[in-house]
$ cat target-v9.cif   # mmCIF, C-alpha atoms and all ligand atoms
data_entry
#
loop_
_atom_site.label_atom_id
_atom_site.label_comp_id
_atom_site.auth_asym_id
_atom_site.auth_seq_id
_atom_site.Cartn_x
_atom_site.Cartn_y
_atom_site.Cartn_z
CA MET A 1 -5.66 -29.21 43.30
CA ALA A 2 -4.46 -25.63 43.31
CA ASN A 3 -5.05 -23.88 40.01
CA ALA A 4 -3.04 -20.71 39.61
CA SER A 5 -4.89 -19.77 36.43
CA ARG A 6 -7.95 -18.91 38.55
CA LEU A 7 -6.07 -16.31 40.56
CA PRO A 8 -6.70 -12.61 39.92
CA LEU A 9 -4.03 -11.09 37.66
CA ARG A 10 -1.43 -8.67 39.02
CA CYS A 11 0.08 -7.65 35.71
CA TRP A 12 -1.25 -8.56 32.30
CA ALA A 13 -1.27 -7.58 28.65
CA GLU A 14 -4.48 -7.26 26.69
CA ILE A 15 -4.26 -8.14 23.02
CA ASP A 16 -7.10 -6.88 20.84
CA LEU A 17 -7.26 -9.37 17.99
CA ALA A 18 -10.02 -7.51 16.16
CA ALA A 19 -7.78 -4.41 16.08
CA LEU A 20 -4.98 -6.56 14.67
CA GLU A 21 -7.28 -7.74 11.91
CA ARG A 22 -8.48 -4.21 11.15
CA ASN A 23 -4.88 -3.00 11.01
CA LEU A 24 -3.96 -5.61 8.42
CA HIS A 25 -6.93 -4.54 6.28
CA LEU A 26 -5.98 -0.86 6.62
CA ILE A 27 -2.36 -1.52 5.65
CA ARG A 28 -3.47 -3.58 2.67
CA ALA A 29 -5.91 -0.88 1.60
CA SER A 30 -3.09 1.69 1.59
CA LEU A 31 -1.04 -0.45 -0.83
CA PRO A 32 -1.52 -1.36 -4.49
CA ALA A 33 -3.77 -4.41 -4.81
CA HIS A 34 -1.04 -6.72 -6.11
CA MET A 35 1.16 -6.28 -3.02
CA ARG A 36 1.38 -9.44 -0.96
CA TYR A 37 1.55 -9.29 2.80
CA VAL A 38 4.39 -10.94 4.69
CA ALA A 39 3.31 -10.89 8.34
CA VAL A 40 6.40 -10.74 10.52
CA VAL A 41 5.68 -12.66 13.73
CA LYS A 42 9.14 -13.21 15.18
CA ALA A 43 9.84 -12.92 18.92
CA ASP A 44 6.47 -14.40 19.90
CA ALA A 45 4.77 -12.02 17.47
CA TYR A 46 6.44 -9.01 19.08
CA GLY A 47 5.36 -10.26 22.49
CA HIS A 48 1.69 -10.54 21.49
CA GLY A 49 1.73 -14.36 21.46
CA LEU A 50 2.58 -16.28 18.31
CA HIS A 51 -0.33 -18.72 18.13
CA GLN A 52 -3.18 -16.27 18.57
CA THR A 53 -1.52 -13.58 16.48
CA ALA A 54 -0.56 -15.81 13.57
CA ALA A 55 -3.99 -17.43 13.45
CA ARG A 56 -5.74 -14.07 13.32
CA LEU A 57 -3.34 -12.62 10.74
CA MET A 58 -3.85 -15.62 8.47
CA HIS A 59 -7.61 -15.28 8.90
CA ALA A 60 -7.25 -11.61 7.91
CA GLY A 61 -5.42 -12.51 4.71
CA ALA A 62 -1.66 -12.66 5.33
CA ASP A 63 0.22 -14.39 2.49
CA LEU A 64 3.41 -15.50 4.22
CA PHE A 65 4.79 -15.50 7.76
CA GLY A 66 8.26 -14.16 8.58
CA VAL A 67 9.93 -15.83 11.59
CA ALA A 68 13.35 -15.59 13.21
CA ASN A 69 14.01 -19.23 14.00
CA LEU A 70 12.83 -22.79 13.48
CA ALA A 71 11.12 -23.02 16.86
CA GLU A 72 8.82 -20.20 15.76
CA ALA A 73 8.22 -22.01 12.46
CA ALA A 74 7.39 -25.18 14.40
CA ALA A 75 4.88 -23.23 16.51
CA ILE A 76 3.10 -22.07 13.34
CA ARG A 77 3.13 -25.64 12.04
CA GLU A 78 1.16 -26.64 15.14
CA LEU A 79 -1.62 -24.47 13.72
CA SER A 80 -1.46 -25.52 10.11
CA PRO A 81 0.65 -27.67 7.79
CA ASP A 82 0.04 -25.29 4.87
CA TRP A 83 0.71 -21.72 5.92
CA PRO A 84 3.81 -20.51 4.08
CA ILE A 85 6.74 -19.52 6.28
CA LEU A 86 9.98 -17.67 5.55
CA LEU A 87 12.89 -17.88 7.97
CA LEU A 88 14.38 -14.37 8.09
CA SER A 89 17.61 -15.36 9.91
CA PRO A 90 20.51 -17.55 8.79
CA LEU A 91 20.28 -21.30 9.33
CA LEU A 92 22.82 -22.94 11.58
CA PRO A 93 24.50 -25.83 9.75
CA ASP A 94 22.96 -28.40 12.08
CA GLU A 95 19.50 -26.94 11.47
CA ASP A 96 19.50 -27.45 7.70
CA ARG A 97 17.46 -30.66 7.56
CA HIS A 98 14.70 -29.14 9.67
CA VAL A 99 13.68 -26.73 6.89
CA ILE A 100 12.33 -29.81 5.15
CA GLU A 101 10.69 -31.14 8.29
CA TYR A 102 8.83 -27.86 8.89
CA ASP A 103 8.48 -26.90 5.25
CA VAL A 104 10.10 -23.51 5.72
CA ALA A 105 11.61 -21.26 3.06
CA ALA A 106 15.19 -20.40 3.98
CA THR A 107 16.97 -17.09 3.45
CA VAL A 108 20.26 -17.58 1.59
CA SER A 109 23.12 -15.09 1.58
CA SER A 110 26.17 -17.13 0.60
CA ALA A 111 27.51 -19.81 -1.72
CA GLU A 112 28.13 -22.00 1.32
CA GLU A 113 24.45 -21.89 2.31
CA VAL A 114 23.38 -22.62 -1.26
CA ALA A 115 25.63 -25.69 -1.40
CA ARG A 116 24.49 -26.90 2.02
CA LEU A 117 20.79 -26.58 1.23
CA ASP A 118 21.20 -28.14 -2.21
CA PHE A 119 22.72 -31.14 -0.45
CA THR A 120 19.90 -31.11 2.12
CA GLY A 121 17.34 -31.22 -0.70
CA LEU A 122 19.20 -34.04 -2.42
CA ALA A 123 19.35 -36.07 0.79
CA ALA A 124 15.63 -35.53 1.44
CA GLY A 125 14.55 -36.13 -2.15
CA ARG A 126 12.68 -32.79 -2.08
CA LYS A 127 13.47 -29.29 -3.22
CA VAL A 128 14.32 -26.75 -0.56
CA THR A 129 12.54 -23.41 -1.02
CA VAL A 130 14.80 -20.37 -0.71
CA HIS A 131 14.62 -16.59 -0.88
CA LEU A 132 17.81 -14.89 -2.05
CA LYS A 133 18.70 -12.00 0.21
CA ILE A 134 20.76 -9.13 -1.17
CA ASP A 135 22.74 -6.78 1.07
CA THR A 136 22.26 -3.30 -0.36
CA GLY A 137 23.84 -1.47 2.55
CA MET A 138 22.43 -2.82 5.79
CA GLY A 139 25.60 -4.84 6.39
CA ARG A 140 23.74 -7.71 8.03
CA LEU A 141 22.25 -10.67 6.10
CA GLY A 142 22.39 -11.03 2.34
CA ILE A 143 25.01 -11.39 -0.35
CA TRP A 144 26.70 -8.05 -1.13
CA HIS A 145 24.72 -6.63 -4.07
CA GLU A 146 27.63 -6.66 -6.50
CA GLU A 147 28.04 -10.40 -5.94
CA ALA A 148 24.34 -11.25 -6.10
CA PRO A 149 24.17 -12.20 -9.81
CA ALA A 150 26.86 -14.87 -9.32
CA LEU A 151 25.03 -16.32 -6.33
CA TYR A 152 21.78 -16.30 -8.29
CA GLN A 153 23.48 -18.43 -10.98
CA LYS A 154 24.54 -20.91 -8.29
CA ILE A 155 20.94 -21.16 -7.07
CA ARG A 156 19.76 -21.68 -10.65
CA ASP A 157 22.29 -24.44 -11.12
CA SER A 158 21.26 -26.20 -7.91
CA LYS A 159 18.76 -28.88 -8.85
CA ASN A 160 17.47 -29.29 -5.32
CA LEU A 161 16.61 -25.65 -4.68
CA ARG A 162 13.48 -23.74 -5.64
CA LEU A 163 13.87 -19.96 -5.68
CA ALA A 164 10.65 -18.39 -4.36
CA GLY A 165 11.75 -14.84 -3.59
CA VAL A 166 14.38 -12.12 -3.68
CA PHE A 167 14.66 -9.43 -1.06
CA THR A 168 16.69 -6.79 0.70
CA HIS A 169 16.39 -4.85 3.95
CA PHE A 170 16.63 -1.10 4.46
CA SER A 171 18.84 0.25 7.22
CA SER A 172 17.30 3.71 7.61
CA PRO A 173 13.94 4.06 5.86
CA ASP A 174 12.75 6.30 8.72
CA THR A 175 15.71 8.68 8.73
CA ASP A 176 17.47 8.69 5.37
CA ALA A 177 15.27 8.73 2.27
CA ALA A 178 18.26 9.29 -0.03
CA PHE A 179 20.09 6.21 1.23
CA THR A 180 16.88 4.16 1.05
CA SER A 181 16.55 5.14 -2.64
CA GLU A 182 20.16 4.17 -3.16
CA GLN A 183 19.46 0.78 -1.58
CA ARG A 184 16.47 0.32 -3.89
CA ARG A 185 18.62 1.26 -6.88
CA ARG A 186 21.34 -1.24 -5.89
CA PHE A 187 18.74 -3.98 -5.43
CA LEU A 188 17.12 -3.39 -8.82
CA ALA A 189 20.51 -3.14 -10.55
CA ALA A 190 21.58 -6.45 -9.03
CA LEU A 191 18.35 -8.13 -10.14
CA GLN A 192 18.79 -6.81 -13.67
CA LYS A 193 22.16 -8.53 -13.88
CA CYS A 194 20.71 -11.92 -12.92
CA ASP A 195 20.47 -13.72 -16.26
CA GLY A 196 17.23 -15.59 -16.72
CA LEU A 197 15.59 -14.32 -13.53
CA ASP A 198 11.80 -14.19 -13.91
CA LEU A 199 10.57 -11.86 -11.19
CA SER A 200 6.92 -12.41 -12.01
CA THR A 201 7.01 -15.83 -10.35
CA LEU A 202 8.76 -14.61 -7.19
CA PHE A 203 8.10 -12.66 -4.01
CA VAL A 204 10.07 -9.44 -4.54
CA HIS A 205 10.23 -7.57 -1.25
CA ALA A 206 12.10 -4.83 0.55
CA ASP A 207 9.83 -2.69 2.68
CA ASN A 208 9.21 -3.11 6.39
CA SER A 209 6.78 -0.92 8.33
CA ALA A 210 8.94 2.19 8.06
CA GLY A 211 9.61 1.53 4.38
CA LEU A 212 5.94 2.07 3.52
CA GLU A 213 6.63 5.78 3.71
CA SER A 214 8.60 5.60 0.49
CA ILE A 215 7.37 2.36 -1.00
CA ALA A 216 8.18 2.07 -4.71
CA VAL A 217 4.80 1.26 -6.20
CA ALA A 218 6.35 1.08 -9.64
CA GLY A 219 8.96 -1.57 -10.37
CA PRO A 220 9.01 -5.23 -9.52
CA PHE A 221 8.21 -5.00 -5.79
CA ASN A 222 5.16 -7.14 -5.06
CA ALA A 223 5.30 -7.80 -1.32
CA VAL A 224 5.87 -5.97 1.98
CA ARG A 225 7.14 -7.35 5.28
CA ILE A 226 5.16 -5.86 8.12
CA GLY A 227 5.88 -6.21 11.81
CA LEU A 228 5.36 -3.23 14.09
CA LEU A 229 2.68 -1.44 12.06
CA GLN A 230 0.24 -4.33 12.17
CA PHE A 231 0.33 -4.01 15.95
CA GLY A 232 -0.86 -0.44 15.55
CA ILE A 233 2.42 1.31 16.29
CA LEU A 234 3.81 3.80 13.80
CA PRO A 235 7.60 3.45 13.50
CA HIS A 236 7.79 7.20 12.81
CA THR A 237 5.41 10.01 11.98
CA GLY A 238 5.79 10.04 8.21
CA SER A 239 2.86 11.55 6.38
CA LEU A 240 1.94 8.45 4.41
CA LEU A 241 2.21 6.18 7.41
CA SER A 242 0.07 8.48 9.50
CA GLN A 243 -2.74 8.00 6.99
CA VAL A 244 -2.91 4.33 7.97
CA GLN A 245 -5.18 4.75 10.97
CA ALA A 246 -3.84 1.68 12.72
CA GLU A 247 -4.90 1.20 16.36
CA PRO A 248 -2.78 -0.23 19.14
CA VAL A 249 -3.34 -3.95 19.67
CA PHE A 250 -1.39 -4.20 22.91
CA SER A 251 -2.05 -2.72 26.31
CA PHE A 252 -0.17 -3.38 29.52
CA ARG A 253 -1.90 -3.25 32.89
CA THR A 254 -1.31 -3.84 36.55
CA ARG A 255 -3.06 -3.04 39.84
CA VAL A 256 -2.61 -1.08 43.02
CA GLY A 257 -1.47 -3.40 45.81
CA LEU A 258 -1.27 -0.89 48.66
CA VAL A 259 -2.01 2.78 49.29
CA LYS A 260 -0.25 4.64 52.06
CA ARG A 261 0.65 8.05 53.40
CA LEU A 262 4.30 9.08 53.78
CA PRO A 263 5.65 12.25 55.38
CA VAL A 264 7.57 14.97 53.55
CA GLY A 265 11.30 14.19 53.37
CA THR A 266 10.93 10.41 53.01
CA GLY A 267 13.27 8.79 50.50
CA VAL A 268 11.34 6.44 48.24
CA SER A 269 12.58 3.01 47.06
CA TYR A 270 16.15 1.67 46.76
CA GLY A 271 18.84 4.28 46.96
CA SER A 272 16.37 7.02 47.97
CA THR A 273 16.71 8.64 44.56
CA HIS A 274 13.42 10.44 45.13
CA ILE A 275 12.78 12.48 48.30
CA LEU A 276 9.15 13.43 48.91
CA HIS A 277 8.79 17.23 48.79
CA ARG A 278 5.38 17.15 50.51
CA ASP A 279 3.31 14.82 52.64
CA SER A 280 2.24 12.31 50.02
CA THR A 281 -0.09 9.46 49.23
CA VAL A 282 1.69 6.76 47.28
CA ALA A 283 0.39 3.65 45.58
CA ILE A 284 2.49 0.51 45.39
CA LEU A 285 1.84 -1.24 42.06
CA THR A 286 2.08 -5.01 41.65
CA ALA A 287 4.49 -4.85 38.70
CA GLY A 288 8.16 -4.06 38.20
CA TYR A 289 11.06 -4.87 35.93
CA GLY A 290 10.32 -8.57 36.44
CA ASP A 291 7.25 -7.92 34.30
CA GLY A 292 8.81 -5.59 31.75
CA LEU A 293 8.39 -2.20 33.37
CA PRO A 294 11.93 -1.01 32.74
CA ARG A 295 14.13 0.15 35.57
CA ALA A 296 15.13 3.02 33.30
CA ALA A 297 11.62 4.43 33.87
CA SER A 298 12.56 5.07 37.52
CA ASN A 299 11.77 8.70 38.49
CA ARG A 300 10.69 9.27 34.90
CA GLY A 301 7.71 7.23 33.80
CA HIS A 302 4.01 7.71 34.47
CA VAL A 303 1.05 5.38 34.84
CA LEU A 304 -2.71 5.94 34.65
CA ILE A 305 -4.95 5.41 37.66
CA ARG A 306 -8.59 6.54 37.49
CA GLY A 307 -7.78 8.16 34.14
CA GLN A 308 -5.06 10.38 35.62
CA ARG A 309 -1.31 10.43 35.16
CA CYS A 310 0.72 9.46 38.21
CA PRO A 311 4.52 9.85 38.23
CA VAL A 312 6.79 6.94 39.15
CA LEU A 313 8.64 7.76 42.38
CA GLY A 314 12.15 6.42 42.86
CA ARG A 315 13.45 3.18 41.44
CA VAL A 316 11.28 0.60 39.75
CA THR A 317 11.95 -2.67 41.60
CA MET A 318 11.58 -6.25 40.45
CA ASP A 319 7.97 -6.79 41.51
CA GLN A 320 6.75 -3.40 42.72
CA THR A 321 6.69 0.18 41.58
CA ILE A 322 5.76 3.24 43.63
CA VAL A 323 3.70 6.07 42.15
CA ASP A 324 2.41 9.38 43.49
CA VAL A 325 -1.39 9.50 43.92
CA THR A 326 -1.53 12.45 46.32
CA ASP A 327 -3.75 14.45 43.97
CA ILE A 328 -6.10 11.62 43.04
CA PRO A 329 -8.94 11.02 45.48
CA ASP A 330 -10.10 7.57 46.55
CA VAL A 331 -7.35 5.41 45.10
CA CYS A 332 -7.66 1.96 46.69
CA ALA A 333 -5.91 -1.37 46.74
CA GLY A 334 -7.07 -3.36 43.72
CA ASP A 335 -7.46 -0.37 41.35
CA GLU A 336 -6.55 -1.13 37.76
CA THR A 337 -3.48 0.76 36.59
CA VAL A 338 -2.44 1.34 32.99
CA LEU A 339 1.22 1.08 32.08
CA ILE A 340 0.61 1.24 28.32
CA GLY A 341 -2.83 1.93 26.89
CA ARG A 342 -5.97 3.96 27.50
CA GLN A 343 -8.09 4.65 30.53
CA GLN A 344 -11.04 7.08 30.72
CA GLY A 345 -9.85 9.09 27.73
CA ALA A 346 -6.22 9.34 28.88
CA GLU A 347 -3.46 7.43 27.12
CA ILE A 348 0.11 6.31 27.59
CA SER A 349 1.39 5.18 24.23
CA LEU A 350 3.93 2.46 23.68
CA THR A 351 6.12 5.05 22.01
CA GLU A 352 6.03 7.39 25.03
CA PHE A 353 6.67 4.48 27.42
CA SER A 354 9.66 3.42 25.29
CA ARG A 355 11.15 6.91 25.46
CA TRP A 356 11.25 6.77 29.26
CA ALA A 357 13.48 3.73 28.93
CA ASP A 358 15.57 5.25 26.11
CA THR A 359 14.48 2.46 23.84
CA ILE A 360 12.28 1.74 20.83
CA PRO A 361 8.79 0.20 20.70
CA TRP A 362 10.14 -3.03 19.21
CA GLU A 363 12.35 -3.61 22.24
CA THR A 364 9.63 -2.66 24.73
CA LEU A 365 7.31 -5.30 23.27
CA CYS A 366 10.08 -7.90 23.46
CA SER A 367 10.76 -6.96 27.09
CA VAL A 368 7.34 -7.84 28.50
CA THR A 369 8.20 -11.00 30.37
CA LYS A 370 6.74 -14.49 30.51
CA ARG A 371 5.22 -13.77 33.92
CA VAL A 372 2.75 -11.40 32.24
CA THR A 373 -0.43 -13.20 31.18
CA ARG A 374 -1.67 -12.31 27.70
CA LEU A 375 -5.44 -11.86 27.59
CA TYR A 376 -7.00 -12.05 24.16
CA ARG A 377 -9.88 -9.69 23.42
CA THR A 378 -12.36 -10.19 20.61
CA PRO A 379 -11.32 -13.66 19.49
CA LEU A 380 -13.14 -15.03 16.47
CA GLY A 381 -16.52 -16.58 16.93
CA LEU A 382 -17.73 -14.15 19.60
C1 LIG B 1 11.68 -7.74 11.78
C2 LIG B 1 11.78 -7.62 10.31
C3 LIG B 1 10.81 -6.93 9.56
C4 LIG B 1 9.65 -6.19 10.19
O1 LIG B 1 10.08 -4.93 10.61
P1 LIG B 1 9.06 -3.85 11.22
O2 LIG B 1 9.88 -2.63 11.30
O3 LIG B 1 8.64 -4.34 12.56
O4 LIG B 1 7.92 -3.73 10.27
C5 LIG B 1 10.94 -6.93 8.19
N1 LIG B 1 11.97 -7.57 7.59
C6 LIG B 1 12.92 -8.23 8.28
C7 LIG B 1 14.03 -8.90 7.54
C8 LIG B 1 12.86 -8.27 9.65
O5 LIG B 1 13.82 -8.93 10.34
#

$ encode --input "target-v9.cif" --output "structure tokens"
Amino acid sequence: MANASRLPLRCWAEIDLAALERNLHLIRASLPAHMRYVAVVKADAYGHGLHQTAARLMHAGADLFGVANLAEAAAIRELSPDWPILLLSPLLPDEDRHVIEYDVAATVSSAEEVARLDFTGLAAGRKVTVHLKIDTGMGRLGIWHEEAPALYQKIRDSKNLRLAGVFTHFSSPDTDAAFTSEQRRRFLAALQKCDGLDLSTLFVHADNSAGLESIAVAGPFNAVRIGLLQFGILPHTGSLLSQVQAEPVFSFRTRVGLVKRLPVGTGVSYGSTHILHRDSTVAILTAGYGDGLPRAASNRGHVLIRGQRCPVLGRVTMDQTIVDVTDIPDVCAGDETVLIGRQQGAEISLTEFSRWADTIPWETLCSVTKRVTRLYRTPLGL
């Protein structure tokens, strides 16, 4: 039988699990010892692959997983019945009963959700675990902060709910320190008005990767929710964050499929948006937007071949991309090409790559498609 998994790879991502583990330890070491670590692994662990990533993060000491939907929770349950999971998105009404099935903590933002989940717990004969989310100015999930004490009382009065955490989310921790402080103040003020709330028994969390820049080490906060930073990408160049010497976990690679000479004046790729200004040697790469190399990088991006930067010529196409290798001797079909990562001392960072596409590292990682094989480096036990 044919076995496609034995074929050479044309475009792949390498995931360095040992770097992921080191990053978690570095982030932890930069925080007070009592801070718990919520490992955010939504969107297939930011494109790194949920199973491998979650298993290594738990091995490295994560306390709780943050996921975006129940399918992601179910994927973690395939690894272990015990690892705690928090669903960071709202539950659809017809999903309610599955929080029991997968033993997932739900995020609640409204009286309607509290009533629904209380009923779900009653019907199942088991308490449903919830985290109360408070909207302090993000305008997305959470009960508006001024209404949070009333919702807390409803949770307290619901016999079939168990409150395990309270949290909020910052809208601009990377760009607006004053508003982030205001959000913290609103959160703490709301908690103070919750009669009978014992924070010492709860996860109290607000900060994502960017929030670490201004994390309030005093006060009741006792957990952080980390996504991007654990993958070795700094969300901005804040001074505190830069001290966490996290290394990139992800690299993105393809190969040269064809090398050819083209005469000056040739228009390259669809629409001839690039006209060669000299006789050129071009390399045709075996990756395109069908793999996650964004079309917006047309005439803009670079790749590394033999440790040297080569500009993208013309439009990125679905399966192929053309780059200029005129100044690089001996490029041949089969040569490994770096789209994101390091080669012979040169580097294209995920952040730089994202800029070519006018996007952010989070979106770039989510845009690497299913066609791209993930190769895991340094798994445990080797
Ligand atoms: C995705 C997400 C995070 C993680 O954000 P990063 O910026 O990647 O660290 C934290 N909290 C919530 C609620 C999220 O949805």

$ residues_near_ligand --input "target-v9.cif" --ligand "ligand LIG 1 (chain B)" --cutoff "7 Å" --atoms "only C-alpha atoms and all ligand atoms" --output "number ranges by chain"
A: 40, 42, 88, 169, 208-210, 225-229, 235, 362

$ closest_residue --input "target-v9.cif" --among "A:His48, A:Arg255, A:Lys370, A:Lys193" --to "A:Ile322" --atoms "all atoms listed in the file"
A:Arg255

$ closest_atom_pairs --input "target-v9.cif" --of "stretch 155-264 of chain A" --to "stretch 102-115 of chain A" --cutoff "9 Å" --atoms "only C-alpha atoms" --output "JSON lines"
{"residue": "A:Ile155", "atom": "CA", "partner": "A:Val114", "partner_atom": "CA", "distance": 6.5}
{"residue": "A:Ser158", "atom": "CA", "partner": "A:Val114", "partner_atom": "CA", "distance": 7.8}
{"residue": "A:Leu161", "atom": "CA", "partner": "A:Val114", "partner_atom": "CA", "distance": 8.2}
{"residue": "A:Ala164", "atom": "CA", "partner": "A:Ala105", "partner_atom": "CA", "distance": 8.0}

$ atom_distance --input "target-v9.cif" --atom1 "atom CA of A:Glu146" --atom2 "atom CA of A:Pro220"
18.9 Å

$ closest_residue --input "target-v9.cif" --among "A:Val249, A:Asp135, A:Leu234, A:Leu117" --to "A:Arg377" --atoms "only C-alpha atoms"
A:Val249

$ atom_distance --input "target-v9.cif" --atom1 "atom CA of A:Val368" --atom2 "atom CA of A:Gly292"
4.2 Å
